[in-house]
There are 2 protein chains.
Amino acid sequence: MATFRIGLVGLGNMGTGHANYLIEGGIKGAELTAVTDVRPERLAEIAEQWGEHIHRFESPEEMFRSGTVDGVIICTPHYDHPAQAISAFEHGLHVLIEKPAGVYTRQVREMNEAAAKSGKVFGIMYNQRTNPLYAKLKDLISSGELGEVRRTNWIITDWYRTQSYYNSGGWRATWAGEGGGVLINQDPHQLDLWQWTTGMMPTRVRAFCQFGKHRDIEVENDVTAYVEYENGATGVFVTSTFESPGTNRFEVSGDRGKIVIENGKLTFWRLRTPESEFNANFKSGFGQPECWKFDIPIQHGGGQHKEITENWVSAIVNGTPLLAPGEEGIKGLTLSNAMLLSTWTDSWVDLPIDEDLFYEKLQEQIAKSDSAKKADHYETLSVKGTH
Amino acid sequence: MATFRIGLVGLGNMGTGHANYLIEGGIKGAELTAVTDVRPERLAEIAEQWGEHIHRFESPEEMFRSGTVDGVIICTPHYDHPAQAISAFEHGLHVLIEKPAGVYTRQVREMNEAAAKSGKVFGIMYNQRTNPLYAKLKDLISSGELGEVRRTNWIITDWYRTQSYYNSGGWRATWAGEGGGVLINQDPHQLDLWQWTTGMMPTRVRAFCQFGKHRDIEVENDVTAYVEYENGATGVFVTSTFESPGTNRFEVSGDRGKIVIENGKLTFWRLRTPESEFNANFKSGFGQPECWKFDIPIQHGGGQHKEITENWVSAIVNGTPLLAPGEEGIKGLTLSNAMLLSTWTDSWVDLPIDEDLFYEKLQEQIAKSDSAKKADHYETLSVKGTH
């Protein structure tokens with residue numbers, strides 16, 4: 001078949017990264033044919049760097065209806081993802097969006113509905129799903145090697161960000177500009193992997209977000225969340241941006257032992273007999289199941305962004321199953337929204353969350369925020385009109 | 001001066017352990033002169049094993065007024081510690097109690113008041129304070145090496161207990177018999193060390209206890225607690241009795257880096273520049289303080305129970321400062337009570353806790369408990385009349 005023609009929406013850091021491997025011919029059977037960015041000067045640079053043959057548009061709509069692309073990768077600010085994806089679907093295009101799927105679940109649900117209606121292939125750039133560590137964890141859990149999951153515990157505090165980082169753009173770490181802090185900006189992958197690897201979404205969440213801690217910002221940069229799952233298991237998620245060197249340690253314990261991913265290594269303490277069986281049969285006072293500790297072999301590499309794009313193209317061209325279906329973006333976002341909502345209401349949040357209540361609370365934050373004004377003085381054009 | 005005469009209250013596992021090193025002359029300048037136990041057959045065994053010269057009493061009161069002892073070590077069930085200690089103080093005796101200090105803070109506060117009034121030396125068997133790992137952590141924090149504490153995180157899930165363990169005594173894991181589960185029985189040391197090493201008690205607690213999880217018991221055996229401290233730091237404490245092999249990992253992060261105690265090792269990731277200073281001066285987008293990773297040398301050993309007894313005797317005889325003052329027992333118990341109370345009220349608990357409310361809620365548990373009756377069929381004499 002003919003080459004699959006890709007358009008890029010947004011030429012910031014991520015968009016430029018995708019352009020680079022596409023231009024080098026990194027994705028077999030696909031090519032970059034068009035780009036769109038709200039900044040004319042950025043488009044001019046592109047023409048000079050990559051050549052005039054790549055079509056350039058000043059708005060996504062123009063590109064969507066131009067007939068120059070078969071599918072688009074959306075790499076704009078968070079708030080814009082859903083509206084742009086919906087528009088692309090309406091123009092009969094396949095869509096791959098950058099994470100997060102959006103800022104609030106209502107807009108993301110609408111995007112998912114548009115995707116379903118269009119019948120087009122919808123992917124999300126959850127490139128960490130290609131990380132062999134997490135792929136192996138998912139394998140060990142879904143194949144039953146770990147037994148039924150009893151606890152999850154992710155400490156992900158190695159997102160160190162300085163005040164100068166936050167000051168580098170007026171939209172950064174504002175409710176108006178980004179719609180949140182560490183959860184929406186740094187943790188989308190972990191919030192995806194947390195439920196993707198275990199195959200379990202919580203049934204309720206009680207979380208404690210702190211805002212502007214050790215930093216002059218308005219959004220959350222310190223979060224502790226407690227969750228409960230349908231099978232009775234519990235979980236903890238701890239994240240921050242002010243700890244150095246921080247920690248990235250994901251522990252999952254189950255009926256057959258425990259697994260810890262830390263320092264780029266996956267360690268499996270595996271019980272010879274499942275705990276539940278041992279407990280049922282043991283008759284003495286103290287004792288526990290025989291436990292074998294393994295360092296599980298992990299392939300190096302993982303294709304990351306390029307592999308996700310490749311997989312998306314292959315899903316369109318060959319019908320390959322998607323590694324990261326776009327519809328799943330709502331899961332991680334639901335967790336992130338639930339953590340904020342639990343903090344704002346100082347109470348439990350049952351899942352699925354009340355999407356209207358979250359939206360309303362988010363608007364309150366935006367309304368009372370000083371930086372809603374401050375953000376206007378910076379490069380936030382692409383955010384306007386989306387909320 | 002004359003030899004310091006010690007009496008033991010309760011000759012169960014712990015009491016017998018203390019007796020063994022005392023009889024061997026393990027504590028210089030002190031000797032075991034009397035014992036008391038509610039079981040005549042246990043006293044008869046003692047006479048045969050250790051000789052008739054050790055005075056034997058069927059009740060603590062008799063021993064306290066006998067003039068045969070200068071101080072007593074109380075090793076009875078949890079509920080009895082405060083009443084017996086108060087009585088001992090009233091008889092002008094020095095007291096060393098086993099942990100926990102008691103089951104509810106009201107009784108423990110009364111015990112502390114009696115101790116203060118008596119002017120006698122009051123210690124508690126927090127033998128883990130002699131563990132060089134935790135002593136070193138306290139040193140690194142109190143000396144400022146770690147900088148201001150920003151987060152504590154203790155995962156202590158390696159208290160594996162089988163159903164057969166719980167079935168081994170009718171009083172076990174009941175509200176009437178023990179007054180709680182993993183918090184009061186397995187975690188007293190961690191609840192002590194958590195605040196002793198950091199020098200910080202939380203200001204409020206939100207906790208999630210689960211009762212009889214994977215086990216047929218009525219008390220809590222799965223706990224996740226979130227705490228906040230006065231300086232803005234937060235903390236997490238996770239504990240259970242059904243996970244195998246479980247985890248014992250204590251992480252403290254501060255302005256100068258982080259410390260992790262795990263697998264009998266203390267590792268210090270130390271920042272060359274404090275984070276707050278680095279953040280104040282850094283001007284670029286991404287960057288973080290230079291970090292040096294150290295394995296901190298730890299002396300092996302630690303005198304454990306014997307060292308605590310030795311220290312208590314030395315405090316009495318020579319005025320040595322106590323390593324574990326009895327009055328501090330209320331701190332760990334406050335944390336444990338707060339976690340249960342937060343669960344029962346499904347809300348925040350501010351510290352110091354409402355001791356009457358906790359007592360009332362505990363009585364409700366005891367009243368509605370089947371095992372309040374069941375426990376009567378077992379060896380629970382020593383628990384009666386204390387609540």
# chains A, B, ... in the order shown; residues from 1 in each chain; ligands from 1

$ closest_atom_pairs --of "chain A" --to "chain B" --cutoff "6 Å" --atoms "only C-alpha atoms" --output "JSON lines"
{"residue": "A:Thr162", "atom": "CA", "partner": "B:Asn279", "partner_atom": "CA", "distance": 5.4}
{"residue": "A:Ser164", "atom": "CA", "partner": "B:Lys283", "partner_atom": "CA", "distance": 5.3}
{"residue": "A:Tyr165", "atom": "CA", "partner": "B:Gly285", "partner_atom": "CA", "distance": 4.4}
{"residue": "A:Ser244", "atom": "CA", "partner": "B:Gly257", "partner_atom": "CA", "distance": 5.9}
{"residue": "A:Gly257", "atom": "CA", "partner": "B:Ser244", "partner_atom": "CA", "distance": 5.9}
{"residue": "A:Asn279", "atom": "CA", "partner": "B:Thr162", "partner_atom": "CA", "distance": 5.4}
{"residue": "A:Lys283", "atom": "CA", "partner": "B:Ser164", "partner_atom": "CA", "distance": 5.3}
{"residue": "A:Gly285", "atom": "CA", "partner": "B:Tyr165", "partner_atom": "CA", "distance": 4.4}

$ residues_around --residues "region 195-198 of chain B" --least-positions-apart "3" --cutoff "6 Å" --atoms "only C-alpha atoms" --output "list in words"
Lys138, Asp192 and Met201 of chain B

$ write_last_selection --atoms "N, CA and C atoms" --output "compact mmCIF listing (two decimals), in the first residue's frame"
# COMPACT_ATOMS: atom_id res chain seq x y z
N LYS B 138 19.09 8.30 64.01
CA LYS B 138 18.77 9.40 64.94
C LYS B 138 19.94 10.38 65.00
N ASP B 192 7.68 3.53 67.82
CA ASP B 192 8.59 4.30 68.67
C ASP B 192 9.72 4.90 67.83
N MET B 201 6.89 14.20 66.17
CA MET B 201 5.57 13.56 66.26
C MET B 201 4.68 14.26 65.24

$ select_by_dssp --residues "region 108-189 of chain A" --states "strand (DSSP E or B)" --output "PyMOL selection string"
chain A and resi 122-124+149-156

$ write_last_selection --atoms "N, CA and C atoms" --output "JSON list (two decimals), in the first residue's frame"
[["chain", "number", "residue", "atom", "x", "y", "z"],
["A", 122, "PHE", "N", -6.79, 4.91, 17.34],
["A", 122, "PHE", "CA", -6.52, 5.94, 18.34],
["A", 122, "PHE", "C", -5.48, 5.40, 19.33],
["A", 123, "GLY", "N", -4.33, 6.04, 19.33],
["A", 123, "GLY", "CA", -3.27, 5.62, 20.24],
["A", 123, "GLY", "C", -2.86, 6.74, 21.16],
["A", 124, "ILE", "N", -2.14, 6.40, 22.24],
["A", 124, "ILE", "CA", -1.61, 7.41, 23.15],
["A", 124, "ILE", "C", -0.14, 7.10, 23.42],
["A", 149, "VAL", "N", -2.92, -9.97, 43.44],
["A", 149, "VAL", "CA", -2.25, -8.78, 43.99],
["A", 149, "VAL", "C", -2.89, -8.38, 45.31],
["A", 150, "ARG", "N", -2.05, -8.10, 46.31],
["A", 150, "ARG", "CA", -2.56, -7.71, 47.63],
["A", 150, "ARG", "C", -2.19, -6.29, 48.02],
["A", 151, "ARG", "N", -1.10, -5.78, 47.44],
["A", 151, "ARG", "CA", -0.70, -4.42, 47.76],
["A", 151, "ARG", "C", 0.15, -3.87, 46.62],
["A", 152, "THR", "N", -0.05, -2.58, 46.33],
["A", 152, "THR", "CA", 0.84, -1.88, 45.41],
["A", 152, "THR", "C", 1.41, -0.69, 46.17],
["A", 153, "ASN", "N", 2.63, -0.32, 45.87],
["A", 153, "ASN", "CA", 3.25, 0.79, 46.60],
["A", 153, "ASN", "C", 4.29, 1.43, 45.69],
["A", 154, "TRP", "N", 3.97, 2.60, 45.19],
["A", 154, "TRP", "CA", 4.90, 3.28, 44.29],
["A", 154, "TRP", "C", 5.36, 4.58, 44.95],
["A", 155, "ILE", "N", 6.66, 4.66, 45.19],
["A", 155, "ILE", "CA", 7.27, 5.92, 45.65],
["A", 155, "ILE", "C", 7.99, 6.50, 44.44],
["A", 156, "ILE", "N", 7.47, 7.60, 43.93],
["A", 156, "ILE", "CA", 8.06, 8.18, 42.73],
["A", 156, "ILE", "C", 8.31, 9.66, 43.02]]

$ atom_distance --atom1 "CA of Ile46 (chain A)" --atom2 "CA of Lys99 (chain A)"
23.7 Å

$ closest_residue --among "A:Gly264, A:Gly180, A:Pro202, A:Gly329" --to "Ile353 (chain A)" --atoms "only C-alpha atoms"
A:Pro202

$ atom_distance --atom1 "CA of Met125 (chain A)" --atom2 "CA of Tyr359 (chain A)"
24.1 Å

$ select_by_dssp --residues "region 1-247 of chain A" --states "alpha helix (DSSP H)" --output "MDAnalysis selection string"
chainID A and resid 13:23 40:50 60:64 81:90 105:118 132:142 163:167 182:185 188:198

$ residues_around --residues "Cys75 (chain B)" --least-positions-apart "2" --cutoff "12 Å" --atoms "only C-alpha atoms" --output "PyMOL selection string"
chain B and resi 7-19+35-37+60+72-73+77-82+84-85+95-102+124-125+382

$ write_last_selection --atoms "N, CA and C atoms" --output "compact mmCIF listing (two decimals), in the first residue's frame"
# COMPACT_ATOMS: atom_id res chain seq x y z
N GLY B 7 12.63 -7.24 90.85
CA GLY B 7 11.52 -8.20 90.84
C GLY B 7 10.90 -8.25 89.46
N LEU B 8 10.50 -9.43 89.06
CA LEU B 8 9.87 -9.59 87.73
C LEU B 8 8.38 -9.82 87.88
N VAL B 9 7.59 -9.05 87.15
CA VAL B 9 6.13 -9.23 87.17
C VAL B 9 5.73 -9.92 85.87
N GLY B 10 5.37 -11.21 85.97
CA GLY B 10 4.96 -11.96 84.79
C GLY B 10 6.10 -12.82 84.27
N LEU B 11 5.88 -14.11 84.22
CA LEU B 11 6.93 -15.03 83.80
C LEU B 11 6.55 -15.75 82.50
N GLY B 12 6.04 -14.98 81.57
CA GLY B 12 5.80 -15.52 80.23
C GLY B 12 7.09 -15.51 79.45
N ASN B 13 6.98 -15.41 78.13
CA ASN B 13 8.19 -15.44 77.29
C ASN B 13 9.16 -14.32 77.61
N MET B 14 8.65 -13.08 77.69
CA MET B 14 9.55 -11.95 77.91
C MET B 14 10.14 -11.98 79.31
N GLY B 15 9.28 -12.25 80.31
CA GLY B 15 9.75 -12.28 81.69
C GLY B 15 10.83 -13.33 81.88
N THR B 16 10.63 -14.48 81.29
CA THR B 16 11.61 -15.56 81.41
C THR B 16 12.93 -15.15 80.74
N GLY B 17 12.81 -14.46 79.63
CA GLY B 17 14.00 -13.96 78.95
C GLY B 17 14.81 -13.02 79.84
N HIS B 18 14.13 -12.09 80.48
CA HIS B 18 14.83 -11.17 81.39
C HIS B 18 15.44 -11.93 82.56
N ALA B 19 14.68 -12.89 83.10
CA ALA B 19 15.17 -13.68 84.24
C ALA B 19 16.48 -14.37 83.88
N VAL B 35 9.96 -12.86 92.05
CA VAL B 35 9.13 -12.97 90.85
C VAL B 35 7.67 -13.09 91.27
N THR B 36 6.80 -12.70 90.32
CA THR B 36 5.37 -12.90 90.59
C THR B 36 4.70 -13.35 89.30
N ASP B 37 3.78 -14.27 89.47
CA ASP B 37 3.02 -14.77 88.31
C ASP B 37 1.68 -15.26 88.86
N PRO B 60 1.27 -9.23 92.08
CA PRO B 60 2.24 -8.14 92.07
C PRO B 60 2.21 -7.33 93.37
N VAL B 72 11.08 -3.02 89.68
CA VAL B 72 10.42 -4.15 89.04
C VAL B 72 10.40 -4.00 87.51
N ILE B 73 10.47 -5.14 86.85
CA ILE B 73 10.29 -5.18 85.40
C ILE B 73 8.92 -5.81 85.13
N PRO B 77 0.58 -9.03 80.24
CA PRO B 77 -0.15 -8.60 79.02
C PRO B 77 -0.31 -7.08 78.97
N HIS B 78 -0.48 -6.58 77.75
CA HIS B 78 -0.51 -5.13 77.51
C HIS B 78 -1.39 -4.34 78.47
N TYR B 79 -2.63 -4.82 78.62
CA TYR B 79 -3.60 -4.05 79.39
C TYR B 79 -3.13 -3.79 80.82
N ASP B 80 -2.31 -4.72 81.36
CA ASP B 80 -1.94 -4.64 82.78
C ASP B 80 -0.81 -3.68 83.08
N HIS B 81 -0.02 -3.32 82.08
CA HIS B 81 1.18 -2.52 82.36
C HIS B 81 0.90 -1.28 83.20
N PRO B 82 -0.05 -0.42 82.80
CA PRO B 82 -0.21 0.83 83.54
C PRO B 82 -0.62 0.62 85.00
N GLN B 84 -0.28 -1.89 86.99
CA GLN B 84 0.78 -2.49 87.80
C GLN B 84 1.93 -1.50 88.03
N ALA B 85 2.23 -0.72 87.00
CA ALA B 85 3.30 0.27 87.16
C ALA B 85 2.90 1.32 88.20
N VAL B 95 10.58 1.39 88.05
CA VAL B 95 9.82 0.52 87.14
C VAL B 95 10.40 0.52 85.73
N LEU B 96 10.49 -0.68 85.18
CA LEU B 96 10.81 -0.85 83.76
C LEU B 96 9.68 -1.68 83.16
N ILE B 97 8.95 -1.11 82.18
CA ILE B 97 7.83 -1.86 81.60
C ILE B 97 8.18 -2.38 80.21
N GLU B 98 7.60 -3.54 79.92
CA GLU B 98 7.68 -4.04 78.54
C GLU B 98 6.80 -3.16 77.66
N LYS B 99 7.08 -3.18 76.36
CA LYS B 99 6.23 -2.43 75.44
C LYS B 99 5.11 -3.36 74.98
N PRO B 100 3.97 -2.82 74.56
CA PRO B 100 3.61 -1.40 74.55
C PRO B 100 3.34 -0.89 75.96
N ALA B 101 3.35 0.45 76.10
CA ALA B 101 3.15 1.05 77.42
C ALA B 101 1.79 0.68 77.99
N GLY B 102 0.83 0.46 77.10
CA GLY B 102 -0.52 0.08 77.50
C GLY B 102 -1.33 -0.03 76.24
N ILE B 124 11.18 2.04 79.69
CA ILE B 124 10.37 1.14 78.86
C ILE B 124 11.29 0.34 77.96
N MET B 125 10.91 -0.90 77.73
CA MET B 125 11.78 -1.85 77.01
C MET B 125 11.74 -1.61 75.50
N SER B 382 -5.12 -12.48 83.67
CA SER B 382 -4.33 -11.28 83.91
C SER B 382 -4.89 -10.06 83.19

$ atom_distance --atom1 "CA of Phe237 (chain A)" --atom2 "CA of Phe358 (chain A)"
20.2 Å

$ residues_around --residues "Tyr126 (chain A)" --least-positions-apart "6" --cutoff "12 Å" --atoms "only C-alpha atoms" --output "PyMOL selection string"
chain A and resi 96-101+134+187-193+196+303-309+311-312+322-329+332

$ residues_around --residues "Gly92 (chain B)" --least-positions-apart "6" --cutoff "10 Å" --atoms "only C-alpha atoms" --output "PyMOL selection string"
chain B and resi 64-65+70-71+86+115+118-120

$ write_last_selection --atoms "all heavy atoms" --output "short mmCIF file (atom, residue, chain, number, x, y, z; two decimals), in the first residue's frame"
data_model
loop_
_atom_site.label_atom_id
_atom_site.label_comp_id
_atom_site.auth_asym_id
_atom_site.auth_seq_id
_atom_site.Cartn_x
_atom_site.Cartn_y
_atom_site.Cartn_z
N PHE B 64 5.27 -6.10 95.64
CA PHE B 64 5.58 -4.67 95.77
C PHE B 64 5.75 -4.27 97.24
O PHE B 64 6.57 -3.41 97.57
CB PHE B 64 4.49 -3.80 95.13
CG PHE B 64 4.34 -3.97 93.63
CD1 PHE B 64 3.20 -3.50 92.98
CD2 PHE B 64 5.32 -4.60 92.87
CE1 PHE B 64 3.04 -3.65 91.61
CE2 PHE B 64 5.17 -4.75 91.49
CZ PHE B 64 4.02 -4.28 90.87
N ARG B 65 4.93 -4.86 98.13
CA ARG B 65 4.99 -4.43 99.54
C ARG B 65 5.88 -5.34 100.39
O ARG B 65 5.99 -5.16 101.60
CB ARG B 65 3.58 -4.33 100.13
CG ARG B 65 2.80 -5.61 100.16
CD ARG B 65 1.52 -5.47 101.01
NE ARG B 65 0.84 -6.75 101.04
CZ ARG B 65 -0.27 -7.02 100.34
NH1 ARG B 65 -0.84 -6.09 99.59
NH2 ARG B 65 -0.80 -8.23 100.41
N ASP B 70 13.86 -3.52 94.88
CA ASP B 70 14.02 -2.07 94.78
C ASP B 70 13.38 -1.54 93.50
O ASP B 70 13.06 -0.36 93.38
CB ASP B 70 15.51 -1.70 94.75
CG ASP B 70 16.24 -2.25 95.97
OD1 ASP B 70 15.76 -2.02 97.09
OD2 ASP B 70 17.28 -2.93 95.79
N GLY B 71 13.23 -2.43 92.54
CA GLY B 71 12.63 -2.04 91.26
C GLY B 71 12.03 -3.26 90.60
O GLY B 71 12.40 -4.40 90.94
N ILE B 86 1.64 1.76 88.11
CA ILE B 86 1.16 2.77 89.07
C ILE B 86 1.28 2.23 90.49
O ILE B 86 1.77 2.90 91.41
CB ILE B 86 -0.30 3.17 88.74
CG1 ILE B 86 -0.31 4.00 87.44
CG2 ILE B 86 -0.94 3.94 89.89
CD1 ILE B 86 -1.70 4.24 86.83
N ALA B 115 4.34 8.10 87.73
CA ALA B 115 5.81 8.02 87.70
C ALA B 115 6.41 9.36 88.12
O ALA B 115 7.32 9.42 88.96
CB ALA B 115 6.28 7.65 86.29
N SER B 118 6.07 9.99 91.78
CA SER B 118 6.90 9.13 92.63
C SER B 118 8.36 9.56 92.63
O SER B 118 9.10 9.27 93.57
CB SER B 118 6.81 7.68 92.14
OG SER B 118 7.61 7.52 90.96
N GLY B 119 8.80 10.18 91.56
CA GLY B 119 10.21 10.53 91.45
C GLY B 119 11.11 9.33 91.20
O GLY B 119 12.34 9.45 91.21
N LYS B 120 10.54 8.17 90.95
CA LYS B 120 11.34 6.98 90.70
C LYS B 120 11.75 6.91 89.23
O LYS B 120 11.22 7.62 88.39
CB LYS B 120 10.53 5.72 91.08
CG LYS B 120 10.19 5.67 92.57
CD LYS B 120 11.46 5.55 93.40
CE LYS B 120 11.20 5.92 94.86
NZ LYS B 120 12.43 5.89 95.67
#
